[in-house]
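Engineer: Once you've had a glance at the structure underneath, I'll fire off some questions.
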Amino acid sequence: MTVTKADIVREIYMRYDGMTKTQSVEAVEAILRLAKETLISGEDLLLSGFGKFNVRDKRERKGRNPQTGSELMLAPRRVVTFSPSGILRDKVNGE
């Protein structure tokens with residue numbers, strides 16, 4: 001099962017009595033907006049106990065069209081990678 005943004009909002013709303021549904025939506029949106037802005041600017045995002053999102057630059061490289069088999073050059077681009085924290089990794093592995 002995939003957890004959606006709506007699921008996160010619902011959990012926050014249900015767990016914290018003092019928050020309205022609107023405040024829960026605004027809190028989730030604010031966190032995601034800050035995370036996106038950080039990554040777009042090229043900075044890494046570290047969430048202690050969860051993991052680190054890194055922005056990496058990929059060079060231009062040779063690629064291949066899988067349908068036709070013809071070679072082509074893939075443009076340089078930036079990608080976001082994620083490395084889980086040791087705490088998260090251990091919990092996912094049941095340790």
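Following the order of the structure tokens, chains are lettered A, B, ..., residues in each are numbered from 1, and ligands are numbered from 1.
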DSSP on the backbone, strand (DSSP E) only: what residues of segment 2-61 of chain A does that give? Format it as an MDAnalysis selection string.

Structural biologist: chainID A and resid 45:47 51:58 61

Engineer: Check chain A with DSSP on the backbone and list each residue it calls alpha helix (DSSP H), as a PyMOL selection string.

Structural biologist: chain A and resi 5-15+21-40+86-92

Engineer: Which residues are close to segment 3-15 of chain A, i.e. within 12 Å by only C-alpha atoms, leaving aside same-chain residues fewer than 4 positions away? Reply as a PyMOL selection string.

Structural biologist: chain A and resi 19-32

Engineer: Quote the spacing between atom CA of Ala75 of chain A and atom CA of Lys36 of chain A in Å to one decimal place.

Structural biologist: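 Here the two named atoms are 22.5 Å from each other.
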
Engineer: Excluding Phe53 of chain A and its own-chain neighbours fewer than 2 positions away, which residues fall within 7 Å of it when counting only C-alpha atoms? Please give them as an NGL selection string.

Structural biologist: :A and (44-46 or 51 or 55 or 80-83)

Engineer: Please produce an output containing all heavy atoms for each residue in the selection, written as a compact mmCIF listing (two decimals), in the first residue's frame.

Structural biologist:
# COMPACT_ATOMS: atom_id res chain seq x y z
N ASP A 44 21.49 19.61 -0.11
CA ASP A 44 21.04 18.32 0.39
C ASP A 44 20.05 18.56 1.52
O ASP A 44 20.07 19.58 2.19
CB ASP A 44 22.21 17.50 0.92
CG ASP A 44 23.18 17.11 -0.19
OD1 ASP A 44 22.79 17.15 -1.37
OD2 ASP A 44 24.33 16.77 0.13
N LEU A 45 19.16 17.59 1.73
CA LEU A 45 18.15 17.68 2.78
C LEU A 45 18.35 16.52 3.74
O LEU A 45 18.25 15.36 3.35
CB LEU A 45 16.75 17.61 2.15
CG LEU A 45 15.57 17.57 3.11
CD1 LEU A 45 15.49 18.88 3.90
CD2 LEU A 45 14.28 17.34 2.35
N LEU A 46 18.67 16.83 4.99
CA LEU A 46 18.91 15.82 6.02
C LEU A 46 17.77 15.84 7.02
O LEU A 46 17.49 16.88 7.63
CB LEU A 46 20.23 16.09 6.74
CG LEU A 46 20.54 15.19 7.94
CD1 LEU A 46 20.72 13.75 7.49
CD2 LEU A 46 21.78 15.69 8.66
N GLY A 51 16.65 10.06 7.04
CA GLY A 51 17.61 9.87 5.96
C GLY A 51 18.03 11.18 5.33
O GLY A 51 17.68 12.26 5.80
N VAL A 55 21.26 15.85 -4.00
CA VAL A 55 21.11 16.25 -5.39
C VAL A 55 22.44 15.95 -6.07
O VAL A 55 23.49 16.40 -5.62
CB VAL A 55 20.78 17.76 -5.51
CG1 VAL A 55 20.70 18.17 -6.97
CG2 VAL A 55 19.48 18.06 -4.79
N VAL A 80 17.78 13.29 -7.79
CA VAL A 80 17.70 13.26 -6.33
C VAL A 80 17.83 11.81 -5.90
O VAL A 80 17.14 10.93 -6.41
CB VAL A 80 16.36 13.84 -5.82
CG1 VAL A 80 16.26 13.73 -4.31
CG2 VAL A 80 16.21 15.29 -6.26
N THR A 81 18.75 11.55 -4.97
CA THR A 81 18.91 10.21 -4.42
C THR A 81 18.59 10.26 -2.93
O THR A 81 18.62 11.32 -2.31
CB THR A 81 20.35 9.68 -4.61
OG1 THR A 81 21.26 10.56 -3.94
CG2 THR A 81 20.71 9.62 -6.09
N PHE A 82 18.26 9.10 -2.37
CA PHE A 82 17.92 9.02 -0.95
C PHE A 82 18.75 7.94 -0.29
O PHE A 82 18.90 6.85 -0.81
CB PHE A 82 16.43 8.69 -0.78
CG PHE A 82 16.03 8.48 0.65
CD1 PHE A 82 15.94 9.56 1.52
CD2 PHE A 82 15.79 7.22 1.14
CE1 PHE A 82 15.58 9.38 2.85
CE2 PHE A 82 15.42 7.02 2.47
CZ PHE A 82 15.32 8.10 3.32
N SER A 83 19.30 8.28 0.87
CA SER A 83 20.04 7.32 1.69
C SER A 83 19.36 7.28 3.05
O SER A 83 19.33 8.30 3.75
CB SER A 83 21.49 7.75 1.87
OG SER A 83 22.14 7.86 0.63
